[in-house]
file query34.txt (compact mmCIF, C-alpha atoms)
# COMPACT_ATOMS: atom_id res chain seq x y z
CA MET A 1 -41.80 101.40 9.11
CA ALA A 2 -40.04 102.21 5.85
CA PRO A 3 -36.66 103.87 6.05
CA ALA A 4 -36.45 107.51 5.05
CA LEU A 5 -35.92 107.95 1.35
CA HIS A 6 -33.85 110.54 -0.39
CA VAL A 7 -35.42 112.93 -2.83
CA ASN A 8 -35.55 111.33 -6.28
CA SER A 9 -34.93 107.87 -4.90
CA VAL A 10 -36.92 105.11 -6.48
CA THR A 11 -38.40 102.02 -4.93
CA PRO A 12 -37.46 98.66 -6.44
CA ASP A 13 -40.67 98.76 -8.43
CA GLY A 14 -39.66 102.01 -10.06
CA GLN A 15 -42.11 104.27 -8.25
CA ARG A 16 -40.92 107.74 -7.56
CA ARG A 17 -40.99 109.11 -4.06
CA ALA A 18 -40.61 112.72 -5.08
CA PRO A 19 -42.52 115.13 -7.28
CA ILE A 20 -41.53 114.75 -10.86
CA ARG A 21 -39.25 117.53 -12.05
CA TRP A 22 -38.00 118.78 -15.37
CA GLN A 23 -34.28 118.39 -15.75
CA VAL A 24 -31.68 119.09 -18.39
CA ALA A 25 -30.12 116.19 -20.26
CA THR A 26 -27.10 116.44 -22.55
CA VAL A 27 -26.95 114.64 -25.87
CA ARG A 28 -23.96 112.32 -25.90
CA ASP A 29 -24.65 110.70 -29.24
CA SER A 30 -27.26 110.70 -32.00
CA ARG A 31 -27.34 107.83 -34.46
CA ALA A 32 -29.59 106.85 -37.33
CA GLU A 33 -31.68 103.70 -36.82
CA SER A 34 -33.61 103.93 -40.11
CA ALA A 35 -34.37 106.54 -42.76
CA THR A 36 -36.72 108.31 -40.35
CA ALA A 37 -35.70 107.30 -36.84
CA ARG A 38 -32.75 108.27 -34.70
CA THR A 39 -31.56 107.14 -31.31
CA LEU A 40 -30.54 109.89 -28.90
CA VAL A 41 -28.13 108.77 -26.22
CA LEU A 42 -28.42 111.10 -23.24
CA ASP A 43 -26.49 111.94 -20.13
CA VAL A 44 -29.02 112.72 -17.41
CA PRO A 45 -27.53 113.86 -14.11
CA ALA A 46 -29.12 112.04 -11.18
CA TRP A 47 -31.16 109.74 -13.38
CA PRO A 48 -33.03 107.64 -10.80
CA GLY A 49 -33.20 104.52 -12.97
CA HIS A 50 -36.15 103.18 -14.88
CA VAL A 51 -38.16 100.06 -15.65
CA ALA A 52 -38.39 98.65 -19.19
CA GLY A 53 -41.46 100.07 -20.92
CA GLN A 54 -41.42 103.48 -19.23
CA HIS A 55 -41.21 106.78 -21.08
CA VAL A 56 -40.05 110.34 -20.57
CA ASP A 57 -41.73 113.63 -21.37
CA VAL A 58 -39.62 115.93 -23.51
CA ARG A 59 -40.25 119.69 -23.50
CA LEU A 60 -39.09 122.21 -26.08
CA THR A 61 -39.29 125.92 -25.38
CA ALA A 62 -39.23 128.47 -28.19
CA GLU A 63 -37.63 131.88 -27.81
CA ASP A 64 -41.06 133.44 -27.37
CA GLY A 65 -41.81 131.09 -24.48
CA TYR A 66 -44.09 128.74 -26.42
CA GLN A 67 -43.67 125.19 -25.15
CA ALA A 68 -44.39 121.84 -26.75
CA GLU A 69 -44.33 118.57 -24.82
CA ARG A 70 -44.25 115.00 -26.12
CA SER A 71 -43.74 111.59 -24.62
CA TYR A 72 -40.99 109.26 -25.90
CA SER A 73 -40.39 105.68 -24.92
CA ILE A 74 -37.10 104.71 -23.37
CA ALA A 75 -35.21 102.31 -25.65
CA SER A 76 -32.34 101.42 -23.37
CA ALA A 77 -32.43 98.71 -20.72
CA PRO A 78 -32.43 99.82 -17.09
CA GLU A 79 -29.02 98.15 -16.85
CA ASP A 80 -27.46 100.31 -19.60
CA ALA A 81 -25.05 103.03 -18.57
CA THR A 82 -26.80 105.74 -20.56
CA LEU A 83 -30.40 106.62 -21.33
CA ALA A 84 -31.44 106.14 -24.95
CA LEU A 85 -34.60 107.38 -26.71
CA THR A 86 -35.43 106.35 -30.25
CA VAL A 87 -37.47 109.02 -32.01
CA GLU A 88 -39.40 108.55 -35.24
CA ARG A 89 -39.44 111.69 -37.34
CA LEU A 90 -42.98 112.73 -38.22
CA GLU A 91 -43.14 114.99 -41.28
CA ASP A 92 -45.63 117.41 -39.77
CA GLY A 93 -44.43 116.88 -36.21
CA GLU A 94 -43.82 119.80 -33.90
CA VAL A 95 -41.14 118.15 -31.78
CA SER A 96 -39.74 115.06 -33.48
CA PRO A 97 -38.05 116.82 -36.46
CA TYR A 98 -36.15 118.98 -34.00
CA LEU A 99 -35.01 115.93 -32.04
CA THR A 100 -33.96 113.95 -35.11
CA ASP A 101 -32.51 116.73 -37.29
CA GLU A 102 -31.32 119.55 -35.06
CA LEU A 103 -29.93 117.94 -31.93
CA HIS A 104 -26.24 117.15 -31.90
CA PRO A 105 -23.82 115.80 -29.31
CA GLY A 106 -23.31 118.40 -26.59
CA ASP A 107 -26.76 119.97 -27.04
CA GLU A 108 -29.12 120.12 -24.09
CA LEU A 109 -32.66 118.87 -23.84
CA GLU A 110 -35.32 119.26 -21.15
CA LEU A 111 -37.03 116.09 -19.96
CA ARG A 112 -38.79 114.53 -17.00
CA GLY A 113 -39.17 110.91 -16.02
CA PRO A 114 -39.15 108.01 -15.87
CA ILE A 115 -42.93 107.83 -16.20
CA GLY A 116 -45.36 104.91 -16.11
CA GLY A 117 -46.11 101.87 -13.99
CA TYR A 118 -48.60 100.06 -16.22
CA PHE A 119 -46.86 99.37 -19.51
CA VAL A 120 -43.75 97.90 -17.85
CA TRP A 121 -42.05 94.53 -17.54
CA ARG A 122 -39.37 93.37 -15.12
CA SER A 123 -37.55 90.06 -15.58
CA GLN A 124 -38.95 88.83 -12.25
CA ASP A 125 -42.48 89.29 -13.64
CA GLY A 126 -41.76 86.22 -15.76
CA GLY A 127 -43.59 85.10 -18.86
CA PRO A 128 -44.29 83.83 -21.33
CA LEU A 129 -44.19 87.16 -23.11
CA LEU A 130 -45.84 88.21 -26.34
CA LEU A 131 -44.60 91.53 -27.67
CA VAL A 132 -46.34 93.02 -30.71
CA ALA A 133 -44.85 96.10 -32.33
CA GLY A 134 -46.11 98.30 -35.14
CA GLY A 135 -43.23 100.28 -36.66
CA SER A 136 -41.46 102.39 -34.05
CA GLY A 137 -43.77 100.87 -31.44
CA LEU A 138 -40.84 98.53 -31.11
CA VAL A 139 -38.99 101.04 -28.91
CA PRO A 140 -40.42 100.26 -25.42
CA LEU A 141 -40.59 96.56 -26.29
CA MET A 142 -36.91 96.68 -27.22
CA ALA A 143 -36.19 98.01 -23.73
CA MET A 144 -37.90 94.87 -22.42
CA VAL A 145 -35.93 92.60 -24.76
CA ARG A 146 -32.69 94.33 -23.77
CA HIS A 147 -33.58 94.09 -20.08
CA ARG A 148 -34.32 90.39 -20.55
CA ALA A 149 -30.91 89.90 -22.21
CA ALA A 150 -29.11 91.90 -19.50
CA HIS A 151 -30.51 89.47 -16.92
CA SER A 152 -29.67 86.43 -19.08
CA SER A 153 -33.36 85.62 -18.75
CA THR A 154 -34.63 82.67 -20.75
CA VAL A 155 -38.30 83.64 -20.37
CA ASP A 156 -40.21 82.40 -23.42
CA THR A 157 -40.55 85.59 -25.45
CA ARG A 158 -42.20 86.05 -28.83
CA LEU A 159 -41.72 89.34 -30.62
CA LEU A 160 -43.88 90.11 -33.63
CA LEU A 161 -42.77 93.17 -35.52
CA SER A 162 -44.86 94.72 -38.27
CA ALA A 163 -43.03 97.18 -40.50
CA ARG A 164 -43.71 98.70 -43.89
CA SER A 165 -40.38 97.63 -45.37
CA GLY A 166 -37.06 96.14 -44.36
CA ASP A 167 -35.56 99.62 -44.18
CA ASP A 168 -38.08 100.60 -41.50
CA VAL A 169 -36.98 97.92 -39.05
CA LEU A 170 -35.22 99.40 -36.03
CA TYR A 171 -32.32 97.63 -34.28
CA ARG A 172 -32.09 95.04 -37.07
CA ASP A 173 -28.62 93.68 -36.32
CA GLU A 174 -29.13 93.66 -32.58
CA LEU A 175 -32.43 91.80 -32.90
CA ALA A 176 -30.81 89.17 -35.10
CA ARG A 177 -28.06 88.74 -32.52
CA LEU A 178 -30.46 88.52 -29.57
CA ALA A 179 -32.77 86.11 -31.41
CA ALA A 180 -29.88 83.65 -31.60
CA GLY A 181 -30.05 83.31 -27.81
CA ASP A 182 -32.31 81.16 -25.64
CA GLY A 183 -36.05 81.61 -25.61
CA LEU A 184 -36.47 84.66 -27.85
CA ALA A 185 -38.26 84.26 -31.17
CA VAL A 186 -38.42 87.28 -33.46
CA HIS A 187 -41.10 87.25 -36.16
CA GLN A 188 -41.51 89.97 -38.76
CA THR A 189 -44.16 90.93 -41.24
CA PHE A 190 -43.83 93.52 -43.98
CA THR A 191 -46.92 95.38 -45.08
CA ARG A 192 -45.64 97.26 -48.12
CA GLU A 193 -42.23 96.26 -49.40
CA PRO A 194 -40.77 93.03 -48.07
CA PRO A 195 -36.97 92.76 -48.50
CA ALA A 196 -35.80 90.96 -51.63
CA GLY A 197 -36.05 87.21 -51.22
CA TRP A 198 -38.30 87.49 -48.16
CA SER A 199 -40.41 84.36 -47.70
CA GLY A 200 -42.01 85.20 -44.35
CA PHE A 201 -45.17 87.14 -43.52
CA ALA A 202 -46.01 89.96 -45.94
CA ARG A 203 -49.38 91.23 -44.77
CA ARG A 204 -51.05 93.11 -41.94
CA VAL A 205 -51.17 91.35 -38.59
CA ASP A 206 -54.09 88.91 -38.52
CA ALA A 207 -55.44 86.16 -36.28
CA GLU A 208 -53.63 83.37 -38.10
CA MET A 209 -50.31 85.19 -37.75
CA LEU A 210 -50.86 85.80 -34.03
CA SER A 211 -51.76 82.13 -33.53
CA HIS A 212 -48.62 81.07 -35.34
CA VAL A 213 -46.41 83.38 -33.30
CA GLY A 214 -48.05 82.23 -30.03
CA PRO A 215 -47.93 81.57 -27.12
CA ALA A 216 -51.37 79.93 -26.85
CA PRO A 217 -53.96 81.61 -24.62
CA SER A 218 -53.77 78.58 -22.29
CA GLN A 219 -50.17 79.57 -21.49
CA ARG A 220 -51.51 82.89 -20.18
CA PRO A 221 -48.82 85.11 -21.72
CA ARG A 222 -48.24 88.69 -20.63
CA ILE A 223 -48.92 90.71 -23.74
CA PHE A 224 -47.56 94.12 -24.66
CA ILE A 225 -48.66 95.87 -27.85
CA CYS A 226 -47.25 99.20 -28.98
CA GLY A 227 -47.75 101.08 -32.22
CA PRO A 228 -50.04 103.52 -33.96
CA THR A 229 -53.51 103.61 -32.39
CA ALA A 230 -55.29 101.73 -35.19
CA PHE A 231 -52.61 99.00 -35.20
CA VAL A 232 -52.85 98.54 -31.44
CA GLU A 233 -56.65 98.41 -31.45
CA ARG A 234 -56.67 95.80 -34.18
CA ALA A 235 -54.02 93.57 -32.60
CA ALA A 236 -55.76 93.72 -29.22
CA GLU A 237 -59.13 92.83 -30.75
CA LEU A 238 -57.59 89.89 -32.59
CA LEU A 239 -55.88 88.58 -29.46
CA VAL A 240 -59.07 88.81 -27.40
CA GLY A 241 -60.82 87.00 -30.26
CA LEU A 242 -58.23 84.21 -30.01
CA GLY A 243 -59.11 83.79 -26.34
CA HIS A 244 -56.43 85.84 -24.58
CA ASP A 245 -57.40 87.51 -21.32
CA SER A 246 -57.95 91.21 -21.98
CA ALA A 247 -56.56 92.04 -18.53
CA ALA A 248 -53.21 90.51 -19.56
CA ILE A 249 -53.01 92.71 -22.65
CA HIS A 250 -51.12 95.96 -22.10
CA LEU A 251 -51.45 98.61 -24.75
CA GLU A 252 -49.47 101.69 -25.63
CA ARG A 253 -50.72 103.72 -28.51
CA PHE A 254 -49.12 106.63 -30.25
CA GLY A 255 -51.09 108.81 -32.56
CA PRO A 256 -51.10 111.98 -34.62
CA THR A 257 -50.60 114.03 -31.47
CA GLY A 258 -47.41 112.14 -30.72
CA GLY A 259 -45.06 114.05 -33.05
CA MET B 1 -61.87 100.79 -35.03
CA SER B 2 -61.02 103.41 -37.59
CA GLU B 3 -57.76 104.02 -39.40
CA ASP B 4 -57.66 107.62 -38.24
CA ALA B 5 -58.34 106.86 -34.58
CA ARG B 6 -57.25 109.91 -32.67
CA TRP B 7 -56.91 108.75 -29.10
CA LEU B 8 -53.84 107.75 -27.16
CA ASP B 9 -53.97 106.01 -23.82
CA GLY B 10 -53.59 106.90 -20.17
CA ASN B 11 -49.86 106.09 -20.25
CA ALA B 12 -49.31 109.38 -22.05
CA LEU B 13 -50.88 111.22 -19.13
CA GLY B 14 -48.43 109.67 -16.64
CA GLY B 15 -46.14 112.69 -16.43
CA ARG B 16 -48.97 115.14 -15.77
CA LEU B 17 -50.57 112.89 -13.15
CA GLN B 18 -47.25 112.42 -11.41
CA GLU B 19 -46.84 116.18 -11.38
CA LEU B 20 -50.33 116.63 -9.88
CA PHE B 21 -50.41 113.78 -7.39
CA GLY B 22 -46.74 113.22 -6.61
CA ALA B 23 -46.84 109.53 -7.42
CA GLU B 24 -46.92 107.11 -10.32
CA MET B 25 -50.56 106.86 -11.34
CA THR B 26 -50.80 104.89 -14.59
CA ALA B 27 -51.11 101.60 -12.69
CA ALA B 28 -53.79 103.01 -10.34
CA PRO B 29 -57.20 101.37 -10.82
CA HIS B 30 -60.20 103.46 -11.80
CA ARG B 31 -63.76 102.09 -11.72
CA CYS B 32 -66.11 103.54 -14.30
CA GLN B 33 -69.19 105.16 -12.81
CA SER B 34 -71.23 104.14 -15.82
CA CYS B 35 -70.37 100.50 -16.65
CA GLY B 36 -68.45 99.53 -13.52
CA THR B 37 -65.35 98.32 -15.38
CA GLU B 38 -62.16 98.65 -13.35
CA ARG B 39 -58.98 99.22 -15.34
CA PRO B 40 -55.61 100.82 -14.67
CA VAL B 41 -55.42 104.48 -15.67
CA GLY B 42 -52.83 103.53 -18.30
CA ALA B 43 -55.41 101.32 -20.03
CA HIS B 44 -57.91 104.17 -20.48
CA ARG B 45 -58.29 106.13 -23.68
CA MET B 46 -56.87 109.62 -23.71
CA TYR B 47 -58.13 112.39 -25.95
CA LEU B 48 -56.17 115.59 -26.35
CA GLY B 49 -57.79 118.87 -27.19
CA ALA B 50 -57.83 122.19 -25.39
CA GLY B 51 -57.64 119.96 -22.32
CA THR B 52 -57.11 116.28 -21.71
CA VAL B 53 -59.97 113.80 -21.42
CA LEU B 54 -59.56 110.26 -20.11
CA ARG B 55 -62.33 107.82 -21.01
CA CYS B 56 -63.32 104.30 -19.98
CA PRO B 57 -61.89 101.87 -22.58
CA VAL B 58 -65.11 99.83 -22.50
CA CYS B 59 -67.98 102.36 -22.57
CA ASP B 60 -66.24 105.71 -23.27
CA GLN B 61 -67.63 107.35 -20.11
CA ILE B 62 -65.45 110.24 -18.97
CA ALA B 63 -63.07 109.32 -16.14
CA LEU B 64 -61.02 112.51 -15.92
CA VAL B 65 -60.89 115.95 -17.48
CA ALA B 66 -57.74 117.98 -16.94
CA ALA B 67 -56.91 121.48 -18.10
CA ALA B 68 -53.60 123.26 -17.65
CA LEU B 69 -54.37 126.96 -17.14
CA PRO B 70 -51.63 129.60 -16.99
CA ASP B 71 -51.64 129.70 -13.19
CA ARG B 72 -53.09 126.34 -12.14
CA HIS B 73 -54.21 122.85 -13.09
CA VAL B 74 -57.92 122.02 -13.00
CA VAL B 75 -58.87 118.36 -12.71
CA HIS B 76 -62.35 116.83 -12.70
CA LEU B 77 -62.62 113.15 -11.69
CA THR B 78 -65.57 110.77 -12.01
CA GLY B 79 -66.08 107.16 -10.94
CA SER B 80 -63.97 105.72 -8.17
CA TRP B 81 -60.22 106.01 -7.99
CA ARG B 82 -57.76 104.31 -5.69
CA LEU B 83 -54.72 106.49 -5.25
CA GLU B 84 -51.67 105.40 -3.33
CA MET B 85 -49.32 108.16 -2.27
CA PRO B 86 -45.89 107.65 -0.80
CA ARG B 87 -45.73 109.10 2.72
CA SER B 88 -42.07 109.96 3.13
call {"tool": "encode", "arguments": {"input": "query34.txt", "output": "structure tokens"}}
result
Amino acid sequence: MAPALHVNSVTPDGQRRAPIRWQVATVRDSRAESATARTLVLDVPAWPGHVAGQHVDVRLTAEDGYQAERSYSIASAPEDATLALTVERLEDGEVSPYLTDELHPGDELELRGPIGGYFVWRSQDGGPLLLVAGGSGLVPLMAMVRHRAAHSSTVDTRLLLSARSGDDVLYRDELARLAAGDGLAVHQTFTREPPAGWSGFARRVDAEMLSHVGPAPSQRPRIFICGPTAFVERAAELLVGLGHDSAAIHLERFGPTGG
Amino acid sequence: MSEDARWLDGNALGGRLQELFGAEMTAAPHRCQSCGTERPVGAHRMYLGAGTVLRCPVCDQIALVAAALPDRHVVHLTGSWRLEMPRS
């Protein structure tokens, strides 16, 4: 018989034992990651811990009581001392411009989480891993890469990042640092404006690129794809076409309702 | 696939489902009543409108319709679901 669990306690696999509740987080820091994305570092009292790949729901309430809710991926590793969300500002977004432009250290924010048990990876799940990110779809995959690094894991990991331009790449310096370690290969492709002197991929993700990045279908990689809906659909179709098992492909899409 | 595809996926419904059922649900398997495909809830397509509609990723059959009314949630489920709830 399982021992009694405290409210809000979490099993080792990250599953909550209590109803999910809204709680108030305090912004500790807000820093720019690109021209349009910011990372919010949050203090969350009684944060129960999370698994890389999970997200939180954020709720804003207007003075007239109108509420807007959005989901944001957790960027920080479970091992990090604070919770970090990276938010891409959408021009016509209802929530993201507030988070990126109006929130300052000391401000409060309502959220609930962690949420999700499907689009997650734990170091003990092993690999090889293929992570495919479109733009700010890198955020939950970065949590996985950070989690991997925190465990000094050498799991064969290939990260393919598609961005419009060099300025749109999140966590640039950190990725370069992590890619110098064992077993992590970071590949990038630029779809609009490659950086000056760039000699790598400069096109949309295609089958040849995915083959080059690997791992081969025979290695049965766990695959995680995150990005705008059309990007995710295309990458998944290409990978299935290359012979990857569709059940091993985990998708997380964000779309026009995600702002 | 279209460039203006307007669906998300079942992951985005995780918070609501956890609120309704008291447990993580995005990894729960759902079998489509139309084509028989079994996939985790997180791998379904989610359409947002006045309510939320979850559809089979293979044949688009409706798996769940959820509406948040001022005083209650209304949820309609089709196909077969396996839900695991913590007991403590």
call {"tool": "closest_residue", "arguments": {"input": "query34.txt", "among": "B:Thr37, B:Gln18, B:Asn11, B:Thr78", "to": "B:Pro57", "atoms": "all atoms listed in the file"}}
result
B:Thr37
call {"tool": "interface_residues", "arguments": {"input": "query34.txt", "of": "chain A", "to": "chain B", "cutoff": "6 Å", "atoms": "only C-alpha atoms", "output": "VMD selection string"}}
result
chain A and resid 15 19 to 20 115 to 118 230 253 to 254
call {"tool": "residues_around", "arguments": {"input": "query34.txt", "residues": "A:Ala25", "least_positions_apart": "3", "cutoff": "7 Å", "atoms": "only C-alpha atoms", "output": "VMD selection string"}}
result
chain A and resid 42 to 44 108 to 111
call {"tool": "closest_residue", "arguments": {"input": "query34.txt", "among": "A:Glu102, A:Glu33, A:Pro48, A:Ala68", "to": "A:Val87", "atoms": "only C-alpha atoms"}}
result
A:Glu33
call {"tool": "residues_near_point", "arguments": {"input": "query34.txt", "point": "(-40.3, 110.6, -39.0)", "cutoff": "10 Å", "atoms": "all atoms listed in the file", "output": "mmCIF file with C-alpha atoms, in the frame of the given file"}}
result
data_model
loop_
_atom_site.group_PDB
_atom_site.id
_atom_site.type_symbol
_atom_site.label_atom_id
_atom_site.label_comp_id
_atom_site.auth_asym_id
_atom_site.auth_seq_id
_atom_site.Cartn_x
_atom_site.Cartn_y
_atom_site.Cartn_z
ATOM 1 C CA SER A 34 -33.610 103.930 -40.110
ATOM 2 C CA ALA A 35 -34.370 106.540 -42.760
ATOM 3 C CA THR A 36 -36.720 108.310 -40.350
ATOM 4 C CA ALA A 37 -35.700 107.300 -36.840
ATOM 5 C CA ARG A 38 -32.750 108.270 -34.700
ATOM 6 C CA VAL A 87 -37.470 109.020 -32.010
ATOM 7 C CA GLU A 88 -39.400 108.550 -35.240
ATOM 8 C CA ARG A 89 -39.440 111.690 -37.340
ATOM 9 C CA LEU A 90 -42.980 112.730 -38.220
ATOM 10 C CA GLU A 91 -43.140 114.990 -41.280
ATOM 11 C CA ASP A 92 -45.630 117.410 -39.770
ATOM 12 C CA GLY A 93 -44.430 116.880 -36.210
ATOM 13 C CA SER A 96 -39.740 115.060 -33.480
ATOM 14 C CA PRO A 97 -38.050 116.820 -36.460
ATOM 15 C CA THR A 100 -33.960 113.950 -35.110
ATOM 16 C CA SER A 136 -41.460 102.390 -34.050
ATOM 17 C CA GLY A 259 -45.060 114.050 -33.050
#
call {"tool": "atom_distance", "arguments": {"input": "query34.txt", "atom1": "atom CA of A:Ala185", "atom2": "atom CA of A:Leu159"}}
result
6.2 Å
call {"tool": "residues_around", "arguments": {"input": "query34.txt", "residues": "stretch 209-223 of chain A", "least_positions_apart": "3", "cutoff": "10 Å", "atoms": "only C-alpha atoms", "output": "PDB file with C-alpha atoms, in the frame of the given file"}}
result
ATOM      1  CA  PHE A 119     -46.860  99.370 -19.510  1.00  0.00           C
ATOM      2  CA  TRP A 121     -42.050  94.530 -17.540  1.00  0.00           C
ATOM      3  CA  ASP A 125     -42.480  89.290 -13.640  1.00  0.00           C
ATOM      4  CA  GLY A 126     -41.760  86.220 -15.760  1.00  0.00           C
ATOM      5  CA  GLY A 127     -43.590  85.100 -18.860  1.00  0.00           C
ATOM      6  CA  PRO A 128     -44.290  83.830 -21.330  1.00  0.00           C
ATOM      7  CA  LEU A 129     -44.190  87.160 -23.110  1.00  0.00           C
ATOM      8  CA  LEU A 130     -45.840  88.210 -26.340  1.00  0.00           C
ATOM      9  CA  LEU A 131     -44.600  91.530 -27.670  1.00  0.00           C
ATOM     10  CA  VAL A 132     -46.340  93.020 -30.710  1.00  0.00           C
ATOM     11  CA  ASP A 156     -40.210  82.400 -23.420  1.00  0.00           C
ATOM     12  CA  THR A 157     -40.550  85.590 -25.450  1.00  0.00           C
ATOM     13  CA  ARG A 158     -42.200  86.050 -28.830  1.00  0.00           C
ATOM     14  CA  LEU A 159     -41.720  89.340 -30.620  1.00  0.00           C
ATOM     15  CA  LEU A 160     -43.880  90.110 -33.630  1.00  0.00           C
ATOM     16  CA  ALA A 185     -38.260  84.260 -31.170  1.00  0.00           C
ATOM     17  CA  VAL A 186     -38.420  87.280 -33.460  1.00  0.00           C
ATOM     18  CA  HIS A 187     -41.100  87.250 -36.160  1.00  0.00           C
ATOM     19  CA  GLN A 188     -41.510  89.970 -38.760  1.00  0.00           C
ATOM     20  CA  THR A 189     -44.160  90.930 -41.240  1.00  0.00           C
ATOM     21  CA  PHE A 201     -45.170  87.140 -43.520  1.00  0.00           C
ATOM     22  CA  ARG A 203     -49.380  91.230 -44.770  1.00  0.00           C
ATOM     23  CA  ARG A 204     -51.050  93.110 -41.940  1.00  0.00           C
ATOM     24  CA  VAL A 205     -51.170  91.350 -38.590  1.00  0.00           C
ATOM     25  CA  ASP A 206     -54.090  88.910 -38.520  1.00  0.00           C
ATOM     26  CA  ALA A 235     -54.020  93.570 -32.600  1.00  0.00           C
ATOM     27  CA  ALA A 236     -55.760  93.720 -29.220  1.00  0.00           C
ATOM     28  CA  LEU A 238     -57.590  89.890 -32.590  1.00  0.00           C
ATOM     29  CA  LEU A 239     -55.880  88.580 -29.460  1.00  0.00           C
ATOM     30  CA  VAL A 240     -59.070  88.810 -27.400  1.00  0.00           C
ATOM     31  CA  LEU A 242     -58.230  84.210 -30.010  1.00  0.00           C
ATOM     32  CA  GLY A 243     -59.110  83.790 -26.340  1.00  0.00           C
ATOM     33  CA  HIS A 244     -56.430  85.840 -24.580  1.00  0.00           C
ATOM     34  CA  ASP A 245     -57.400  87.510 -21.320  1.00  0.00           C
ATOM     35  CA  SER A 246     -57.950  91.210 -21.980  1.00  0.00           C
ATOM     36  CA  ALA A 247     -56.560  92.040 -18.530  1.00  0.00           C
ATOM     37  CA  ALA A 248     -53.210  90.510 -19.560  1.00  0.00           C
ATOM     38  CA  ILE A 249     -53.010  92.710 -22.650  1.00  0.00           C
ATOM     39  CA  HIS A 250     -51.120  95.960 -22.100  1.00  0.00           C
ATOM     40  CA  LEU A 251     -51.450  98.610 -24.750  1.00  0.00           C
TER      41      LEU A 251
END
call {"tool": "atom_distance", "arguments": {"input": "query34.txt", "atom1": "atom CA of A:Asp64", "atom2": "atom CA of A:Val95"}}
result
15.9 Å
call {"tool": "atom_distance", "arguments": {"input": "query34.txt", "atom1": "atom CA of A:Pro78", "atom2": "atom CA of A:Arg21"}}
result
19.6 Å
call {"tool": "residues_around", "arguments": {"input": "query34.txt", "residues": "B:Ser34", "least_positions_apart": "2", "cutoff": "9 Å", "atoms": "all atoms listed in the file", "output": "list of chain:residue names"}}
result
B:Arg31, B:Cys32, B:Gly36, B:Thr37, B:Cys56, B:Cys59, B:Gln61, B:Ile62, B:Gly79
call {"tool": "write_last_selection", "arguments": {"input": "query34.txt", "atoms": "C-alpha atoms", "output": "PDB file, in the frame of the given file"}}
result
ATOM      1  CA  ARG B  31     -63.760 102.090 -11.720  1.00  0.00           C
ATOM      2  CA  CYS B  32     -66.110 103.540 -14.300  1.00  0.00           C
ATOM      3  CA  GLY B  36     -68.450  99.530 -13.520  1.00  0.00           C
ATOM      4  CA  THR B  37     -65.350  98.320 -15.380  1.00  0.00           C
ATOM      5  CA  CYS B  56     -63.320 104.300 -19.980  1.00  0.00           C
ATOM      6  CA  CYS B  59     -67.980 102.360 -22.570  1.00  0.00           C
ATOM      7  CA  GLN B  61     -67.630 107.350 -20.110  1.00  0.00           C
ATOM      8  CA  ILE B  62     -65.450 110.240 -18.970  1.00  0.00           C
ATOM      9  CA  GLY B  79     -66.080 107.160 -10.940  1.00  0.00           C
TER      10      GLY B  79
END
call {"tool": "residues_around", "arguments": {"input": "query34.txt", "residues": "A:Arg31", "least_positions_apart": "6", "cutoff": "12 Å", "atoms": "only C-alpha atoms", "output": "VMD selection string"}}
result
chain A and resid 37 to 42 84 to 87 99 to 101 103 to 105 170 to 171
call {"tool": "axis_aligned_box", "arguments": {"input": "query34.txt", "around": "stretch 23-33 of chain A", "padding_each_side": "6 Å", "output": "JSON"}}
result
{"center_x": -29.1, "center_y": 111.4, "center_z": -26.5, "size_x": 22.3, "size_y": 27.4, "size_z": 33.6}
call {"tool": "build_atoms", "arguments": {"input": "query34.txt", "residues": "stretch 9-18 of chain B", "atoms": "N, CA and C atoms", "output": "tab-separated table (two decimals), keeping the file's coordinate frame"}}
result
chain	number	residue	atom	x	y	z
B	9	ASP	N	-53.47	106.68	-25.01
B	9	ASP	CA	-53.97	106.01	-23.82
B	9	ASP	C	-53.41	106.68	-22.58
B	10	GLY	N	-53.91	106.24	-21.44
B	10	GLY	CA	-53.59	106.90	-20.17
B	10	GLY	C	-52.11	106.93	-19.85
B	11	ASN	N	-51.31	106.06	-20.49
B	11	ASN	CA	-49.86	106.09	-20.25
B	11	ASN	C	-49.30	107.47	-20.54
B	12	ALA	N	-49.84	108.09	-21.61
B	12	ALA	CA	-49.31	109.38	-22.05
B	12	ALA	C	-49.63	110.50	-21.06
B	13	LEU	N	-50.53	110.22	-20.13
B	13	LEU	CA	-50.88	111.22	-19.13
B	13	LEU	C	-50.06	111.04	-17.86
B	14	GLY	N	-49.18	110.02	-17.86
B	14	GLY	CA	-48.43	109.67	-16.64
B	14	GLY	C	-47.63	110.81	-16.06
B	15	GLY	N	-46.97	111.60	-16.92
B	15	GLY	CA	-46.14	112.69	-16.43
B	15	GLY	C	-46.97	113.76	-15.73
B	16	ARG	N	-48.09	114.12	-16.35
B	16	ARG	CA	-48.97	115.14	-15.77
B	16	ARG	C	-49.54	114.68	-14.44
B	17	LEU	N	-49.98	113.42	-14.39
B	17	LEU	CA	-50.57	112.89	-13.15
B	17	LEU	C	-49.54	112.83	-12.03
B	18	GLN	N	-48.31	112.48	-12.42
B	18	GLN	CA	-47.25	112.42	-11.41
B	18	GLN	C	-46.95	113.81	-10.88
